[in-house]
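Enquirer: Contents are PDB, C-alpha atoms; file name target-v6.pdb:
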ATOM      1  CA  ASP R   1       0.000   0.000   0.000
ATOM      2  CA  ASP R   2       2.849   2.365   0.838
ATOM      3  CA  LYS R   3       4.502   1.626  -2.497
ATOM      4  CA  ARG R   4       1.286   2.287  -4.453
ATOM      5  CA  TYR R   5       0.753   5.512  -2.527
ATOM      6  CA  ILE R   6       4.250   6.730  -3.420
ATOM      7  CA  LEU R   7       3.804   5.724  -7.084
ATOM      8  CA  ARG R   8       0.517   7.661  -7.261
ATOM      9  CA  LYS R   9       2.190  10.721  -5.715
ATOM     10  CA  GLN R  10       4.987  10.391  -8.267
ATOM     11  CA  LEU R  11       2.446  10.397 -11.123
ATOM     12  CA  ILE R  12       0.753  13.477  -9.699
ATOM     13  CA  VAL R  13       4.108  15.278  -9.572
ATOM     14  CA  ILE R  14       4.836  14.290 -13.195
ATOM     15  CA  PHE R  15       1.455  15.568 -14.399
ATOM     16  CA  PHE R  16       1.790  18.756 -12.347
ATOM     17  CA  MET R  17       5.289  19.387 -13.737
ATOM     18  CA  ASP R  18       3.924  18.916 -17.256
ATOM     19  CA  PHE R  19       0.990  21.201 -16.610
ATOM     20  CA  VAL R  20       3.180  23.989 -15.225
ATOM     21  CA  ALA R  21       5.706  23.697 -18.066
ATOM     22  CA  PHE R  22       3.063  23.788 -20.775
ATOM     23  CA  LEU R  23       1.209  26.595 -19.007
ATOM     24  CA  VAL R  24       4.399  28.673 -19.057
ATOM     25  CA  ILE R  25       4.969  27.848 -22.738
ATOM     26  CA  PHE R  26       1.344  28.770 -23.531
ATOM     27  CA  LEU R  27       1.530  32.052 -21.618
ATOM     28  CA  LYS R  28       4.767  32.899 -23.418
ATOM     29  CA  THR R  29       3.615  31.977 -26.941
ATOM     30  CA  GLU R  30      -0.191  32.334 -26.641
ATOM     31  CA  LYS R  31      -0.610  29.527 -29.210
ATOM     32  CA  MET R  32      -3.544  27.136 -28.817
ATOM     33  CA  GLU R  33      -1.507  24.304 -30.317
ATOM     34  CA  VAL R  34       0.438  24.210 -27.033
ATOM     35  CA  ILE R  35      -2.795  23.320 -25.231
ATOM     36  CA  TYR R  36      -3.633  20.674 -27.859
ATOM     37  CA  PHE R  37      -0.151  19.171 -27.592
ATOM     38  CA  PHE R  38      -0.417  19.063 -23.799
ATOM     39  CA  GLY R  39      -3.832  17.372 -24.081
ATOM     40  CA  ALA R  40      -2.517  14.776 -26.521
ATOM     41  CA  GLN R  41       0.474  14.137 -24.272
ATOM     42  CA  LEU R  42      -1.778  13.809 -21.218
ATOM     43  CA  LEU R  43      -4.008  11.291 -23.041
ATOM     44  CA  TYR R  44      -0.920   9.361 -24.114
ATOM     45  CA  PHE R  45       0.405   9.113 -20.551
ATOM     46  CA  ILE R  46      -2.971   8.053 -19.165
ATOM     47  CA  ALA R  47      -3.329   5.415 -21.904
ATOM     48  CA  VAL R  48       0.190   4.088 -21.254
ATOM     49  CA  GLN R  49      -0.410   3.876 -17.502
ATOM     50  CA  VAL R  50      -3.749   2.073 -17.941
ATOM     51  CA  LEU R  51      -2.656  -0.296 -20.735
ATOM     52  CA  TYR R  52       0.570  -1.344 -19.006
ATOM     53  CA  ARG R  53      -1.395  -2.110 -15.844
ATOM     54  CA  ILE R  54      -3.886  -4.204 -17.845
ATOM     55  CA  PHE R  55      -1.498  -6.110 -20.135
ATOM     56  CA  TYR R  56       1.592  -6.368 -17.932
ATOM     57  CA  LYS R  57       0.424  -6.925 -14.384
ATOM     58  CA  LYS R  58       3.942  -7.776 -13.216
ATOM     59  CA  ALA R  59       5.608  -4.779 -14.853
ATOM     60  CA  SER R  60       7.532  -2.401 -12.634
ATOM     61  CA  LEU R  61       5.323   0.621 -12.063
ATOM     62  CA  LEU R  62       8.337   2.546 -10.816
ATOM     63  CA  LEU R  63      10.055   1.973 -14.158
ATOM     64  CA  LEU R  64       6.856   2.928 -15.977
ATOM     65  CA  ASN R  65       6.620   6.177 -14.011
ATOM     66  CA  HIS R  66      10.262   6.961 -14.753
ATOM     67  CA  MET R  67       9.668   6.327 -18.454
ATOM     68  CA  CYS R  68       6.706   8.733 -18.398
ATOM     69  CA  MET R  69       8.713  11.358 -16.526
ATOM     70  CA  LEU R  70      11.661  11.202 -18.932
ATOM     71  CA  LEU R  71       9.335  11.332 -21.947
ATOM     72  CA  SER R  72       7.552  14.264 -20.357
ATOM     73  CA  VAL R  73      10.796  16.207 -19.953
ATOM     74  CA  GLY R  74      11.730  15.347 -23.534
ATOM     75  CA  PHE R  75       8.375  16.617 -24.815
ATOM     76  CA  ILE R  76       8.772  19.843 -22.880
ATOM     77  CA  MET R  77      12.236  20.399 -24.352
ATOM     78  CA  ALA R  78      11.118  19.404 -27.863
ATOM     79  CA  ARG R  79       8.145  21.760 -27.576
ATOM     80  CA  LEU R  80      10.489  24.645 -28.170
ATOM     81  CA  ASP R  81      10.447  23.538 -31.829
ATOM     82  CA  THR R  82       6.796  22.797 -32.749
ATOM     83  CA  GLU R  83       7.401  20.712 -35.871
ATOM     84  CA  SER R  84      10.044  18.594 -34.157
ATOM     85  CA  ALA R  85       7.847  18.093 -31.083
ATOM     86  CA  VAL R  86       4.884  16.773 -33.061
ATOM     87  CA  ARG R  87       7.088  14.427 -35.088
ATOM     88  CA  GLN R  88       8.831  13.192 -31.948
ATOM     89  CA  PHE R  89       5.460  12.587 -30.296
ATOM     90  CA  GLN R  90       4.258  10.533 -33.268
ATOM     91  CA  ILE R  91       7.426   8.422 -33.135
ATOM     92  CA  VAL R  92       6.986   7.843 -29.396
ATOM     93  CA  VAL R  93       3.358   6.739 -29.828
ATOM     94  CA  ILE R  94       4.295   4.291 -32.608
ATOM     95  CA  ALA R  95       7.242   2.968 -30.585
ATOM     96  CA  THR R  96       5.001   2.493 -27.539
ATOM     97  CA  VAL R  97       2.482   0.475 -29.544
ATOM     98  CA  ILE R  98       5.291  -1.709 -30.886
ATOM     99  CA  ALA R  99       6.814  -2.063 -27.412
ATOM    100  CA  MET R 100       3.468  -3.243 -26.047
ATOM    101  CA  VAL R 101       2.903  -5.757 -28.843
ATOM    102  CA  ILE R 102       6.360  -7.388 -29.004
ATOM    103  CA  PRO R 103       6.285  -9.088 -25.561
ATOM    104  CA  VAL R 104       2.826 -10.497 -26.310
ATOM    105  CA  MET R 105       4.086 -11.803 -29.657
ATOM    106  CA  ILE R 106       7.091 -13.416 -28.005
ATOM    107  CA  ARG R 107       4.849 -15.102 -25.442
ATOM    108  CA  LYS R 108       2.468 -16.399 -28.129
ATOM    109  CA  LEU R 109       4.968 -17.247 -30.880
ATOM    110  CA  ARG R 110       7.327 -19.669 -29.154
ATOM    111  CA  PHE R 111       9.323 -20.385 -32.332
ATOM    112  CA  LEU R 112      10.899 -16.901 -32.215
ATOM    113  CA  ASN R 113      13.460 -18.125 -29.669
ATOM    114  CA  LYS R 114      14.900 -20.462 -32.313
ATOM    115  CA  TRP R 115      15.868 -17.632 -34.683
ATOM    116  CA  THR R 116      19.117 -16.819 -32.893
ATOM    117  CA  TRP R 117      21.366 -16.633 -35.933
ATOM    118  CA  PHE R 118      18.691 -14.937 -38.049
ATOM    119  CA  TYR R 119      18.740 -12.053 -35.560
ATOM    120  CA  ALA R 120      22.533 -11.918 -35.753
ATOM    121  CA  ALA R 121      22.474 -11.912 -39.577
ATOM    122  CA  ALA R 122      19.719  -9.272 -39.709
ATOM    123  CA  GLY R 123      21.679  -7.002 -37.357
ATOM    124  CA  MET R 124      24.865  -7.392 -39.377
ATOM    125  CA  LEU R 125      22.966  -6.758 -42.617
ATOM    126  CA  LEU R 126      21.487  -3.530 -41.246
ATOM    127  CA  LEU R 127      24.933  -2.354 -40.151
ATOM    128  CA  LEU R 128      26.341  -3.163 -43.604
ATOM    129  CA  VAL R 129      23.503  -1.196 -45.235
ATOM    130  CA  VAL R 130      24.483   1.808 -43.104
ATOM    131  CA  LEU R 131      28.131   1.331 -44.078
ATOM    132  CA  VAL R 132      27.295   1.300 -47.791
ATOM    133  CA  LEU R 133      24.287   3.644 -48.078
ATOM    134  CA  GLY R 134      24.628   5.796 -44.961
ATOM    135  CA  LYS R 135      24.925   9.551 -45.231
ATOM    136  CA  ASN R 136      27.495  11.440 -43.215
ATOM    137  CA  VAL R 137      25.635  13.861 -40.908
ATOM    138  CA  ASN R 138      27.592  15.943 -38.389
ATOM    139  CA  GLY R 139      30.534  13.572 -38.630
ATOM    140  CA  ALA R 140      28.505  10.407 -38.004
ATOM    141  CA  LYS R 141      27.459   7.931 -40.670
ATOM    142  CA  ILE R 142      24.233   6.613 -39.106
ATOM    143  CA  ASN R 143      21.328   7.857 -41.249
ATOM    144  CA  ILE R 144      19.783   6.368 -44.357
ATOM    145  CA  SER R 145      17.425   8.496 -46.440
ATOM    146  CA  ILE R 146      14.676   6.787 -48.412
ATOM    147  CA  GLY R 147      12.168   8.969 -50.202
ATOM    148  CA  GLY R 148      12.879  12.007 -48.035
ATOM    149  CA  PHE R 149      12.429  10.002 -44.827
ATOM    150  CA  ALA R 150      15.612   9.514 -42.823
ATOM    151  CA  PHE R 151      15.958   6.787 -40.237
ATOM    152  CA  GLN R 152      18.700   5.144 -38.220
ATOM    153  CA  PRO R 153      18.982   1.387 -38.741
ATOM    154  CA  SER R 154      21.288   1.262 -35.727
ATOM    155  CA  GLU R 155      18.202   1.744 -33.533
ATOM    156  CA  PHE R 156      16.742  -1.475 -34.952
ATOM    157  CA  VAL R 157      20.090  -3.194 -34.500
ATOM    158  CA  LYS R 158      19.935  -2.481 -30.767
ATOM    159  CA  ILE R 159      16.568  -4.204 -30.509
ATOM    160  CA  ILE R 160      17.660  -7.092 -32.718
ATOM    161  CA  PHE R 161      20.762  -7.538 -30.541
ATOM    162  CA  VAL R 162      18.535  -7.886 -27.471
ATOM    163  CA  PHE R 163      16.578 -10.621 -29.276
ATOM    164  CA  PHE R 164      19.824 -12.327 -30.288
ATOM    165  CA  ALA R 165      21.250 -12.204 -26.765
ATOM    166  CA  ALA R 166      17.987 -13.431 -25.257
ATOM    167  CA  CYS R 167      17.869 -16.378 -27.668
ATOM    168  CA  ARG R 168      21.507 -17.269 -27.022
ATOM    169  CA  LEU R 169      21.028 -17.263 -23.268
ATOM    170  CA  TYR R 170      17.504 -18.736 -23.254
ATOM    171  CA  ARG R 171      18.628 -22.316 -22.816
ATOM    172  CA  LYS R 172      18.785 -23.499 -19.233
ATOM    173  CA  LYS R 173      22.309 -24.857 -19.686
ATOM    174  CA  ALA R 174      23.869 -21.702 -21.126
ATOM    175  CA  ASP R 175      27.488 -21.958 -20.062
ATOM    176  CA  PHE R 176      30.378 -19.504 -20.004
ATOM    177  CA  ARG R 177      31.188 -20.285 -23.643
ATOM    178  CA  ASP R 178      27.672 -19.165 -24.695
ATOM    179  CA  HIS R 179      28.115 -15.893 -22.821
ATOM    180  CA  VAL R 180      31.468 -15.242 -24.503
ATOM    181  CA  ILE R 181      30.097 -15.995 -28.006
ATOM    182  CA  THR R 182      27.067 -13.793 -27.381
ATOM    183  CA  THR R 183      29.236 -10.933 -26.156
ATOM    184  CA  ALA R 184      31.586 -11.243 -29.143
TER
END
Output the file's structure as structure tokens, nothing else.

Expert:
Amino acid sequence: DDKRYILRKQLIVIFFMDFVAFLVIFLKTEKMEVIYFFGAQLLYFIAVQVLYRIFYKKASLLLLNHMCMLLSVGFIMARLDTESAVRQFQIVVIATVIAMVIPVMIRKLRFLNKWTWFYAAAGMLLLLVVLVLGKNVNGAKINISIGGFAFQPSEFVKIIFVFFAACRLYRKKADFRDHVITTA
């Protein structure tokens, strides 16, 4: 009960911080889109809190609150550039939907844990695509532009690596050799 009480207080502080920040931005700019963006963000956070509690009963609510707080701060900072803020918000919503679906898929589709080397090959292929087709932006070669839309395959590689590592270490008898190969 004490833990739930503290988590609720934490959520209230996050929402209050958001409200104050967006109120200041609205008073400074006097643009109604600030209010709309705050409303959309508020709906997003409420939906995330409710859906995670429904679908992932054993999920860490402390971690969920921290995720919401960090996203909230990011939205406040991104709000200084309206176009960037809206785009970033859309990406976060899509990523959240994917993040909620993937664990359910893994639970339902048991064969995915047998694709260990497919994940490794897919990650390497994405890195090679960046090496060959990547554009140099601010000294880093991490972006690929397709039809005016730029994305970073390295972000997918991070997720694929987690799948690869999880598959490698899934077996109950994973020994030191498996850990070394996975790390390499």

Enquirer: Expand the PyMOL selection byres ((chain R and resi 62) around 12) into the explicit residue set it covers here, and present it as a list in words.

Expert: Lys3, Arg4, Tyr5, Ile6, Leu7, Arg8, Lys9, Gln10, Leu11, Gln49, Tyr52, Arg53, Lys58, Ala59, Ser60, Leu61, Leu63, Leu64, Asn65, His66, Met67, Cys68 and Met69 of chain R

Enquirer: What would the list of residues within 12 Å of (-1.0, 17.6, -13.7) (file frame) look like as a PDB file with C-alpha atoms, in the frame of the given file, if all atoms listed in the file are what count?

Expert:
ATOM      1  CA  ARG R   8       0.517   7.661  -7.261  1.00  0.00           C
ATOM      2  CA  LYS R   9       2.190  10.721  -5.715  1.00  0.00           C
ATOM      3  CA  GLN R  10       4.987  10.391  -8.267  1.00  0.00           C
ATOM      4  CA  LEU R  11       2.446  10.397 -11.123  1.00  0.00           C
ATOM      5  CA  ILE R  12       0.753  13.477  -9.699  1.00  0.00           C
ATOM      6  CA  VAL R  13       4.108  15.278  -9.572  1.00  0.00           C
ATOM      7  CA  ILE R  14       4.836  14.290 -13.195  1.00  0.00           C
ATOM      8  CA  PHE R  15       1.455  15.568 -14.399  1.00  0.00           C
ATOM      9  CA  PHE R  16       1.790  18.756 -12.347  1.00  0.00           C
ATOM     10  CA  MET R  17       5.289  19.387 -13.737  1.00  0.00           C
ATOM     11  CA  ASP R  18       3.924  18.916 -17.256  1.00  0.00           C
ATOM     12  CA  PHE R  19       0.990  21.201 -16.610  1.00  0.00           C
ATOM     13  CA  VAL R  20       3.180  23.989 -15.225  1.00  0.00           C
ATOM     14  CA  ALA R  21       5.706  23.697 -18.066  1.00  0.00           C
ATOM     15  CA  PHE R  22       3.063  23.788 -20.775  1.00  0.00           C
ATOM     16  CA  LEU R  23       1.209  26.595 -19.007  1.00  0.00           C
ATOM     17  CA  PHE R  38      -0.417  19.063 -23.799  1.00  0.00           C
ATOM     18  CA  GLY R  39      -3.832  17.372 -24.081  1.00  0.00           C
ATOM     19  CA  GLN R  41       0.474  14.137 -24.272  1.00  0.00           C
ATOM     20  CA  LEU R  42      -1.778  13.809 -21.218  1.00  0.00           C
ATOM     21  CA  LEU R  43      -4.008  11.291 -23.041  1.00  0.00           C
ATOM     22  CA  PHE R  45       0.405   9.113 -20.551  1.00  0.00           C
ATOM     23  CA  ILE R  46      -2.971   8.053 -19.165  1.00  0.00           C
ATOM     24  CA  MET R  69       8.713  11.358 -16.526  1.00  0.00           C
ATOM     25  CA  SER R  72       7.552  14.264 -20.357  1.00  0.00           C
TER      26      SER R  72
END

Enquirer: Could you write out as a PyMOL selection string the residues that the PyMOL selection byres ((chain R and resi 118-135) around 6) matches in the shown file?

Expert: chain R and resi 115-117+136+141-144+157+160+164

Enquirer: So the first atom is atom CA of R:Cys167 and the second is atom CA of R:Val101; what is the distance between them in Å, to one decimal place?

Expert: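 Between these atoms lies a distance of 18.4 Å.
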
Enquirer: Go through R:Tyr56, R:Asp2, R:Phe151, R:Ile25 and flag the residue nearest R:Met77, using all atoms listed in the file for the distances.

Expert: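 Looking at the shortest contact to R:Met77, the residue is R:Ile25.
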
Enquirer: Give me the result of the PyMOL selection byres ((chain R and resi 92-95) around 12) on this file, residue by residue, as a VMD selection string.

Expert: chain R and resid 40 to 41 43 to 45 47 to 48 67 to 68 70 to 72 74 to 75 85 to 91 96 to 102 155 to 156 159

Enquirer: May I ask which of the residues R:Val73, R:Ala140, R:Ala78, R:Ile54 is the closest one to R:Gln152, counting all atoms listed in the file?

Expert: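 Using all atoms listed in the file, the shortest distance to R:Gln152 belongs to R:Ala140.
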
Enquirer: Quick one: what's the axis-aligned box for stretch 128-133 of chain R, all listed atoms, 3 Å on every side, centre and edges in Å to one decimal, as lines of an AutoDock Vina configuration file?

Expert:
center_x = 25.8
center_y = 0.2
center_z = -45.6
size_x = 10.6
size_y = 12.8
size_z = 11.0
